Each structure stands twice: as C-alpha cells, then as structure tokens.
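Worksheet: the structure to be examined is printed underneath.
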Amino acid sequence: MTRSGRMMLAALLLSAAAAPALADGMARPVRIAPVHFEEREQSITITGEVVARVETELSFRVGGRITGWFVDVGDAVREGEVLARLDPEEQKADVEAAEAGVRAAEAQLKLARTNFDRQKSLLNDGISTQRDYDDAETALRTAESAREAAVAQRDTAREVLSYTELRAPADGIVTARLAETGQVAQAAQTMFTIADNGPRDAVFNVYESLFFAQPSKDGVTVTLLSDESVRATGHVREVSPTIDAQTGTVRVKIAMDETPPQMTLGASVVGVGALAPRRVAVVPWQALSGIEGKPALWIVDKANNTVSLRPVEVLSFETGAALVSGGIEEGETYVADGTKLLRPGQTVAASEGAAQ
C-alpha cells in the first residue's frame, strides 16, 4: 500500500471513531435536563355574560282575556307600573254583587239592633220575657257576623279586581314578554320576565374537571370583553347542582362586588380565576412519551447512563411545555430531547440543557 493510501485509511478510521454510534446497543446522543420543582399558580380564563341577580317571572293571579300590554322587551319599568291588563268586566260584576251583599247585611244588622234595643227596654219595664230578649240578642249577633262576612267578601272581590292589572314588583328591565292583546291568559301563566335593577352576576359555563382543583382565595376578576379597562371583582355565589348534558359544563354565578355601569345586562365578560399554587416540574413537550396510554418521561440512570421509561402525572399543558406534578423526584435527570429512538435500558450520550 502506498503512503497516500495508508494516510486515507487512517483518516477514515479517525472519522469513524468521531461519528456517533447509532447501532442498536450503542450510546445515542440526547439532551438531558435535571428535574426541578417549583410552586406554580395557574389561572383559568373563561367567557360568560352579565345577568341580573334577581329575575322575576310575572303572571296574572286570575285568568281572562288580555285587553292590552304596555311595555316590551328592553323597556325600563318602575315599581307599581302597569305592564298588562285583563278584561275586568267579570271581576267588576263580582265587586258590585259583593257591595250589594254588604248593604243588605247592614240593613239586617240595623233592624236586629233596633229589635234588640226594644226588647231590652221592654224587659226592664217587665213587659217582655227573658226568652224574647235572648232571641233578639241572638239575632243581633247573627246579623253582626253576616255583615262581617259580607264585608270580607267585598274586600276579596275588590282585591281580585286589582289582579286584572299586572304591575311591576320593583324597578327593572323587561327581558321577556309573552303577552299578546286578545290572548286568553291562564292564572299563573308567565307573561313577563323582569330583571331587577339591583346587584348583578357574571355567569359562566365551567367544565367539571376544574372543580377538582383547589381554588385560590383571591376571588375572580371579571373584565368586559369589549374593554379590558372595565373590570370588577367577585366571588362564587352559586354553583349549579347539575351538569349540562350537551356541553358537559356546570353553570357558575359570580357575584360582583360592584358592577360598573358599562357591564349592562347581556354584556360579554371574561372571568379570570386563580387556582391554589401547585408544586410542579416544567418539562418541554417533546420530552413526553407514552406508556400504556399514560404520559411518561425517559429517566436517566446517572450510574451507567441508561434510560428507563417512567409514567408521570401531568397537571396541565402550557405553550411548549407540560406541568408534571408527580412520578418524578427533585434532582433526577430526564431526557429533554432526542427520545424518538430510545428503548428501555438504552445507553445514552448526554449533553446538558433543555431542548430549544
């Protein structure tokens, strides 16, 4: 072999020794990183809407034909304002009959009192008998009771007549109207829905899984979707006991401490809540592998530079990273990049630092 041939062969051997060995059983180049836990506070951001804390469904307390309605959806109403009216002719007739009954009862009472006074006078003069006096007293007491019953019946008839007018129970805004002129309304049939002008809530549909996390005690920040500068703070006031079968969410109401005027009824808002801090290790997403359908990490045995696949608990995902809450220990070393060709027991040639 010539001198130039020997030099070429030596160069090939040197380059082969310098190249990484990728055959099975040989060390594979990977990038490793140490496991480091930190306290991480997660936030939850969801979209909802502003609703009145108190909404009242209004209905007539008697049935009848609607002769007119005077407000529509979106109208502001004042307490006591007439919203709709029924035909009152039947109720007016009942009032007139009850008033006639009161007049008849008063006439009977006047006659019974006159007869009682006469019998009392005759008894004192010794002309009448005790029996006649007792009968007159009984008739008087009966007439008094009859008049009281007639007055009560008249008052009831007048009250029923007032039921033919549907009035607003408080200041508010009409959010629904089901009344139409000429419609025959049944007693207790909803005609209007009024949102009171009082405190307001922000309502959100929250996924059930969020209830397994421990919330922070700092409450919830509610921001107007169209203007981030408009915001309010609040706390959870009510959680629906049932899950929506279609969306798989739970309805949660947040009571706002003070509602900015820009947060009108139906306004879209964003709620941001914080979960209690959790101890997690932040690992790049490419470090995750899988074992039996569960997330796993390749853990490096520092004694012999071999790797093993270990299942881990992932709390949640962030952009480009996963928050691991269990399955690994502080100070252990995991493969941060280069996991695709690894197998259990594989020897690795590691370089420090998480993958970019």
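Quick note on naming: the chains in the structure tokens go A, B, ... in the order shown, residues restart at 1 in each chain, and ligands are numbered from 1 in order of appearance.
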### Task
Among the residues of segment 145-334 of chain A, find those DSSP assigns to strand (DSSP E or B) from the backbone and print them as a VMD selection string.
chain A and resid 165 to 167 172 to 177 184 to 185 190 to 196 200 to 207 215 to 224 227 to 239 249 to 256 268 to 275 278 to 284 288 to 291 294 to 301 306 to 311 313 to 318 321 to 326 333 to 334
### Task
Identify, on the basis of only C-alpha atoms, every residue whose closest approach to segment 54-69 of chain A does not exceed 6 Å; exclude the query and any residue fewer than 2 positions from it along the same chain; express the result as a list in words.
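Counting only C-alpha atoms, the residues come to Ala52, Leu83, Ala84, Arg85, Leu86, Asp87, Tyr163, Thr181, Gly182, Gln183, Val184, Ala185, Gln186, Ala187, Ala188, Gln189, Thr190, Met191, Phe192, Thr193, Ile194, Ala195 and Asp196 of chain A.
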### Query
Nearest to Gly80 of chain A among A:Pro29, A:Ala139, A:Glu159, A:Glu165, with distances taken over only C-alpha atoms: which residue is it?
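Counting only C-alpha atoms, the residue closest to Gly80 of chain A is A:Glu165.
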### Message
So that I can check the surroundings of Thr347 of chain A, please list as a ChimeraX atom specification every protein, DNA and RNA residue that reaches within 9 Å of it, counting only C-alpha atoms and ignoring chain neighbours fewer than 2 positions away.
### Response
/A:25-28,304-307,342,344-345,349
### Message
List the spatial neighbours of Gly48 of chain A as a ChimeraX atom specification - criterion: any atom at most 7 Å away, only C-alpha atoms, same-chain residues fewer than 6 positions off excluded.
### Response
/A:202-204,268-270
#### Entry: Surrounding residues of segment 312-316 of chain A excluding itself and chain neighbours under 3 positions, 8 Å, only C-alpha atoms, as a PyMOL selection string
chain A and resi 280+294-297+322-328
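One distance worth recording is that between atom CA of Leu161 of chain A and atom CA of Ala98 of chain A, which is 12.0 Å.
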### Query
Counting only C-alpha atoms, which of A:Ser289, A:Asn197, A:Ser226, A:Gln119 gets nearest to Tyr133 of chain A?
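Checking each of A:Ser289, A:Asn197, A:Ser226, A:Gln119 against Tyr133 of chain A, counting only C-alpha atoms, the winner is A:Gln119.
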### Message
I'd like to know which of A:Gln246, A:Gln346, A:Thr221, A:Gln108 is closest to Gly234 of chain A, using only C-alpha atoms.
### Response
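Between A:Gln246, A:Gln346, A:Thr221, A:Gln108, the residue approaching Gly234 of chain A most closely is A:Thr221.
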### Task
Just list the residues in segment 71-211 of chain A DSSP gives alpha helix (DSSP H) on the backbone, as a ChimeraX atom specification.
/A:89-125,130-162
Mind running segment 30-130 of chain A against segment 332-336 of chain A at 12 Å and telling me each contacting residue's nearest atom pair with the distance in Å (one decimal), counting only C-alpha atoms, chain and number ascending, as a tab-separated table?
```
residue	atom	partner	partner_atom	distance
A:Val30	CA	A:Val335	CA	6.7
A:Arg31	CA	A:Ala336	CA	5.6
A:Ile32	CA	A:Val335	CA	4.4
A:Ala33	CA	A:Thr333	CA	5.7
A:Pro34	CA	A:Thr333	CA	4.4
A:Val35	CA	A:Glu332	CA	5.3
A:His36	CA	A:Glu332	CA	8.3
A:Phe37	CA	A:Glu332	CA	10.7
```
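Compared by their closest atoms to Glu329 of chain A, and using only C-alpha atoms, the residues A:Val102, A:Ala107, A:Ala287, A:Ala281 rank with A:Ala281 nearest.
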Please provide as a CSV table (one decimal) with N, CA and C atoms, in the first residue's frame all residues within 12 Å of Thr242 of chain A, with the sequence filter that same-chain residues fewer than 5 positions apart are discarded (counting only C-alpha atoms).
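And here is the file that came out, result_32.csv:
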```csv
chain,number,residue,atom,x,y,z
A,205,ASN,N,-70.1,29.1,32.1
A,205,ASN,CA,-70.2,27.6,32.0
A,205,ASN,C,-68.9,27.0,32.1
A,206,VAL,N,-68.6,26.3,33.2
A,206,VAL,CA,-67.3,25.8,33.6
A,206,VAL,C,-67.3,24.3,33.5
A,207,TYR,N,-66.2,23.8,32.9
A,207,TYR,CA,-66.0,22.4,32.8
A,207,TYR,C,-65.8,21.7,34.1
A,208,GLU,N,-66.4,20.6,34.2
A,208,GLU,CA,-66.5,19.9,35.5
A,208,GLU,C,-65.1,19.6,36.1
A,247,THR,N,-73.2,20.1,26.8
A,247,THR,CA,-71.9,20.7,26.8
A,247,THR,C,-71.0,20.1,27.9
A,248,GLY,N,-71.5,19.4,28.8
A,248,GLY,CA,-70.7,18.8,29.9
A,248,GLY,C,-70.1,19.9,30.8
A,249,THR,N,-70.8,21.0,30.9
A,249,THR,CA,-70.4,22.1,31.8
A,249,THR,C,-71.3,22.4,32.9
A,250,VAL,N,-70.8,23.1,33.9
A,250,VAL,CA,-71.6,23.4,35.1
A,250,VAL,C,-71.8,25.0,35.1
A,251,ARG,N,-73.0,25.4,35.4
A,251,ARG,CA,-73.3,26.8,35.4
A,251,ARG,C,-72.9,27.4,36.8
A,252,VAL,N,-72.0,28.4,36.7
A,252,VAL,CA,-71.5,29.1,37.9
A,252,VAL,C,-71.8,30.6,37.9
```
### Leu265 of chain A surroundings by only C-alpha atoms, 8 Å radius, close-in-sequence under 5 positions cut, as a list in words
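Returned residues: Glu49, Val50, Val51 and Ala52 of chain A.
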Write a file of the just-selected residues containing N, CA and C atoms, as a PDB file, in the first residue's frame.
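Below is the file that was written, out-v2.pdb:
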```
ATOM      1  N   GLU A  49     -71.415  35.977  30.602  1.00  0.00           N
ATOM      2  CA  GLU A  49     -72.251  37.138  30.369  1.00  0.00           C
ATOM      3  C   GLU A  49     -72.787  37.680  31.687  1.00  0.00           C
ATOM      4  N   VAL A  50     -73.238  38.934  31.638  1.00  0.00           N
ATOM      5  CA  VAL A  50     -73.771  39.607  32.815  1.00  0.00           C
ATOM      6  C   VAL A  50     -75.280  39.373  32.874  1.00  0.00           C
ATOM      7  N   VAL A  51     -75.751  38.966  34.054  1.00  0.00           N
ATOM      8  CA  VAL A  51     -77.185  38.748  34.256  1.00  0.00           C
ATOM      9  C   VAL A  51     -77.603  39.438  35.551  1.00  0.00           C
ATOM     10  N   ALA A  52     -78.884  39.682  35.688  1.00  0.00           N
ATOM     11  CA  ALA A  52     -79.402  40.246  36.933  1.00  0.00           C
ATOM     12  C   ALA A  52     -79.376  39.183  38.021  1.00  0.00           C
TER      13      ALA A  52
END
```
### Task
Using atom CA of Ala157 of chain A and atom CA of Val77 of chain A as the two end points, give the distance in Å to one decimal.
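Result for atom CA of Ala157 of chain A versus atom CA of Val77 of chain A: 27.6 Å, one decimal.
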### Task
Tell me which of A:Met256, A:Ala93, A:Val282, A:Leu225 sits closest to Ile46 of chain A, counting only C-alpha atoms.
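When distances to Ile46 of chain A are compared using only C-alpha atoms, the smallest one comes from A:Leu225.
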### Task
Rank nothing, just name the residue among A:Val160, A:Ala105, A:Leu111, A:Leu288 nearest to Ser145 of chain A, using only C-alpha atoms.
A:Ala105
